[in-house]
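What follows is one structure encoded as structure tokens, with my remarks underneath.
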Amino acid sequence: MNIKHQILNAINYNKLSLKNEGERFWYNYKIRITKLFWSRNLYDGYLIEVYDKHSGIHLNTVKF
């Protein structure tokens, strides 16, 4: 199972909340959640960037 599927499954089963934006640690990953806006106040989803917890290497980007 790749990282994108882990993140999407965790969101679907409420194990990862998107309400708290910013950086945090989640299992062996450091994630950064950013709310995306298309224009003014038109909500367009979330950008989730996934990094390795120890080395800080960028592993994946998920748009949801």
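In the structure tokens, the first chain shown is A, the next is B, and so on; residue numbers restart at 1 for each chain, and ligands run from 1 in the order shown.
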
- Message: I'd like the neighbourhood of stretch 6-9 of chain A as a list in words, where a residue qualifies if any of its atoms comes within 10 Å (using only C-alpha atoms), though same-chain residues fewer than 5 positions away should be ignored.
- Response: Met1, Asn14, Lys15, Leu16, Trp26, Ile31, Ile48, Val50, Val62, Lys63 and Phe64 of chain A

- Excluding A:Arg24 and residues on its chain fewer than 3 positions from it, collect all residues at most 12 Å away from it, counting only C-alpha atoms, and give them as JSON, numbers by chain. {"A": [16, 17, 18, 20, 21, 27, 28, 29, 30, 31, 32, 33, 34, 48, 49, 50, 51, 52, 53]}

- Task: List every residue of chain A that DSSP, applied to the backbone of this structure, places in strand (DSSP E), and write the result as a ChimeraX atom specification.
- Result: /A:22-26,29-39,42-52,58-63

- as a ChimeraX atom specification, which residues of chain A does DSSP assign to helix (DSSP H, G or I)? /A:3-12

Suppose we keep C-alpha atoms; can you now write the selection as a PDB file, in the first residue's frame?
```pdb
ATOM      1  CA  ILE A   3       1.492   6.556   0.985  1.00  0.00           C
ATOM      2  CA  LYS A   4      -1.359   8.163  -0.964  1.00  0.00           C
ATOM      3  CA  HIS A   5      -3.698   5.247  -0.236  1.00  0.00           C
ATOM      4  CA  GLN A   6      -2.710   5.267   3.460  1.00  0.00           C
ATOM      5  CA  ILE A   7      -3.529   8.971   3.742  1.00  0.00           C
ATOM      6  CA  LEU A   8      -6.861   8.685   1.908  1.00  0.00           C
ATOM      7  CA  ASN A   9      -7.914   5.642   3.966  1.00  0.00           C
ATOM      8  CA  ALA A  10      -6.998   7.438   7.189  1.00  0.00           C
ATOM      9  CA  ILE A  11      -9.124  10.432   6.159  1.00  0.00           C
ATOM     10  CA  ASN A  12     -12.075   8.201   5.241  1.00  0.00           C
TER      11      ASN A  12
END
```

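With only C-alpha atoms as the atoms that count, the residue of A:Tyr13, A:Asp44, A:Leu36, A:Phe25 with the shortest distance to A:Gly56 is A:Phe25.
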
- For atom CA of A:Thr61 and atom CA of A:Tyr46, quote the distance in Å rounded to one decimal.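 Interatomic distance, atom CA of A:Thr61 to atom CA of A:Tyr46: 10.4 Å.
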
- Using atom CA of A:Glu23 and atom CA of A:Trp38 as the two end points, give the distance in Å to one decimal. 21.8 Å
